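Scroll down for the structure; my scribbles are underneath it.
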Amino acid sequence: MGASGSKARGLWPFASAAGGGGPESSVAEQALVRPRGRVVPPFVFTRRGSMFYDEDGDLAHEFYEETIVTKNGQKRAKLRRVHKNLIPQGIVKLDPPRIHVDFPVILYEV
């Protein structure tokens, strides 16, 4: 109980290509290999912005407009979300840069 099915079948991600995974596996046959081609830095310097500009130039996640609703002779103000005429923020520079989610490293604090 508690054993993973992938380990039980011998498919461990850090095992060698031969499938042993034990001390008899050579270091040259490890599953983690160096990437070929250009070197990719482990940092992310930009991201896609999650906010929008409205036609007035205001920047926010959501925009609402106030509408007047008349019910039984009484006037009430309601907020209605605006979906039209919004421009995405675009690319945002990150300061400081972040570590890429796919970078294979373990961070720990001493």
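Residues in the structure tokens are numbered from 1 in each chain, the chains being A, B, ... in the order shown, and ligands are numbered from 1 in the order shown.
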
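Excluding range 57-63 of chain A itself and same-chain residues fewer than 4 positions from it, the residues having an atom within 10 Å of it are Gly49, Ser50, Met51, Phe52, Tyr53, Leu79, Arg80, Arg81, Val82, His83, Lys84, Leu86, Ile87, Pro88 and Gln89 of chain A, counting only C-alpha atoms.
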
Store the residues of this selection in a file with N, CA and C atoms, as a PDB file, in the first residue's frame.
ATOM      1  N   GLY A  49       0.572  40.073 -19.527  1.00  0.00           N
ATOM      2  CA  GLY A  49      -0.191  40.818 -18.543  1.00  0.00           C
ATOM      3  C   GLY A  49      -1.610  40.297 -18.396  1.00  0.00           C
ATOM      4  N   SER A  50      -2.153  40.396 -17.193  1.00  0.00           N
ATOM      5  CA  SER A  50      -3.502  39.891 -16.933  1.00  0.00           C
ATOM      6  C   SER A  50      -4.534  41.005 -16.806  1.00  0.00           C
ATOM      7  N   MET A  51      -4.121  42.246 -17.012  1.00  0.00           N
ATOM      8  CA  MET A  51      -5.041  43.366 -16.876  1.00  0.00           C
ATOM      9  C   MET A  51      -5.409  43.938 -18.246  1.00  0.00           C
ATOM     10  N   PHE A  52      -6.386  44.858 -18.244  1.00  0.00           N
ATOM     11  CA  PHE A  52      -6.904  45.439 -19.471  1.00  0.00           C
ATOM     12  C   PHE A  52      -6.976  46.959 -19.344  1.00  0.00           C
ATOM     13  N   TYR A  53      -6.889  47.636 -20.506  1.00  0.00           N
ATOM     14  CA  TYR A  53      -7.124  49.078 -20.592  1.00  0.00           C
ATOM     15  C   TYR A  53      -8.526  49.292 -21.145  1.00  0.00           C
ATOM     16  N   LEU A  79     -24.442  47.382 -10.708  1.00  0.00           N
ATOM     17  CA  LEU A  79     -23.183  47.358 -11.435  1.00  0.00           C
ATOM     18  C   LEU A  79     -23.231  46.247 -12.476  1.00  0.00           C
ATOM     19  N   ARG A  80     -22.859  46.598 -13.708  1.00  0.00           N
ATOM     20  CA  ARG A  80     -22.826  45.632 -14.791  1.00  0.00           C
ATOM     21  C   ARG A  80     -21.402  45.553 -15.317  1.00  0.00           C
ATOM     22  N   ARG A  81     -20.893  44.341 -15.501  1.00  0.00           N
ATOM     23  CA  ARG A  81     -19.517  44.164 -15.955  1.00  0.00           C
ATOM     24  C   ARG A  81     -19.380  44.525 -17.439  1.00  0.00           C
ATOM     25  N   VAL A  82     -18.299  45.229 -17.762  1.00  0.00           N
ATOM     26  CA  VAL A  82     -18.032  45.656 -19.130  1.00  0.00           C
ATOM     27  C   VAL A  82     -17.113  44.629 -19.781  1.00  0.00           C
ATOM     28  N   HIS A  83     -17.500  44.143 -20.989  1.00  0.00           N
ATOM     29  CA  HIS A  83     -16.701  43.175 -21.729  1.00  0.00           C
ATOM     30  C   HIS A  83     -16.187  43.740 -23.050  1.00  0.00           C
ATOM     31  N   LYS A  84     -16.785  44.812 -23.534  1.00  0.00           N
ATOM     32  CA  LYS A  84     -16.440  45.353 -24.840  1.00  0.00           C
ATOM     33  C   LYS A  84     -15.461  46.506 -24.711  1.00  0.00           C
ATOM     34  N   LEU A  86     -12.224  46.609 -24.502  1.00  0.00           N
ATOM     35  CA  LEU A  86     -11.106  46.450 -23.582  1.00  0.00           C
ATOM     36  C   LEU A  86      -9.876  45.992 -24.362  1.00  0.00           C
ATOM     37  N   ILE A  87      -8.723  46.590 -24.049  1.00  0.00           N
ATOM     38  CA  ILE A  87      -7.464  46.264 -24.729  1.00  0.00           C
ATOM     39  C   ILE A  87      -6.559  45.532 -23.740  1.00  0.00           C
ATOM     40  N   PRO A  88      -6.032  44.355 -24.097  1.00  0.00           N
ATOM     41  CA  PRO A  88      -5.133  43.638 -23.182  1.00  0.00           C
ATOM     42  C   PRO A  88      -3.873  44.446 -22.882  1.00  0.00           C
ATOM     43  N   GLN A  89      -3.326  44.227 -21.701  1.00  0.00           N
ATOM     44  CA  GLN A  89      -2.148  44.965 -21.251  1.00  0.00           C
ATOM     45  C   GLN A  89      -0.918  44.631 -22.091  1.00  0.00           C
TER      46      GLN A  89
END

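Candidate residues A:Val44, A:Ala77, A:Val110, A:Ile68 were compared for distance to Pro96 in chain A, and the nearest is A:Val44, using only C-alpha atoms.
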
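Between CA of Thr70 in chain A and CA of Asp56 in chain A the interatomic distance comes to 28.0 Å.
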
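Residue nearest Glu55 in chain A within the list A:Arg98, A:Phe43, A:Asn85, A:Asn72: A:Asn85 [criterion: smallest interatomic distance, only C-alpha atoms].
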
Any idea what the distance is between CA of Glu109 in chain A and CA of Pro97 in chain A?
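CA of Pro97 in chain A lies 19.1 Å from CA of Glu109 in chain A.
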
Can you tell me which residues surround Lys93 in chain A at a distance of at most 7 Å, considering only C-alpha atoms, apart from same-chain residues fewer than 2 positions away, and format the answer as a ChimeraX atom specification?
/A:45-47,91,95

Selected residues written out with C-alpha atoms, as a PDB file, in the first residue's frame:
ATOM      1  CA  PHE A  45      12.162  38.003 -17.839  1.00  0.00           C
ATOM      2  CA  THR A  46       8.682  38.787 -19.222  1.00  0.00           C
ATOM      3  CA  ARG A  47       5.143  37.514 -18.841  1.00  0.00           C
ATOM      4  CA  ILE A  91       3.859  41.882 -22.273  1.00  0.00           C
ATOM      5  CA  ASP A  95      11.706  42.747 -11.962  1.00  0.00           C
TER       6      ASP A  95
END

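Note that CA of Asp54 in chain A and CA of Glu66 in chain A are 15.2 Å apart.
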
Skip range 102-108 of chain A itself and residues of its chain fewer than 6 positions away, then list as a compact mmCIF listing (two decimals) with N, CA, C and O atoms, in the first residue's frame all residues within 10 Å of it, counting only C-alpha atoms.
# COMPACT_ATOMS: atom_id res chain seq x y z
N LEU A 32 18.45 12.07 -17.44
CA LEU A 32 18.59 13.51 -17.58
C LEU A 32 19.78 13.80 -18.47
O LEU A 32 20.91 13.47 -18.14
N VAL A 40 19.53 27.62 -23.10
CA VAL A 40 18.37 28.40 -22.68
C VAL A 40 18.57 28.80 -21.22
O VAL A 40 18.83 27.95 -20.37
N PRO A 41 18.45 30.10 -20.89
CA PRO A 41 18.63 30.50 -19.50
C PRO A 41 17.48 30.00 -18.63
O PRO A 41 16.36 29.85 -19.11
N PRO A 42 17.73 29.76 -17.35
CA PRO A 42 16.67 29.25 -16.47
C PRO A 42 15.73 30.34 -15.96
O PRO A 42 14.87 30.06 -15.14
N PHE A 43 15.88 31.57 -16.43
CA PHE A 43 15.08 32.67 -15.92
C PHE A 43 14.03 33.12 -16.92
O PHE A 43 14.19 32.99 -18.13
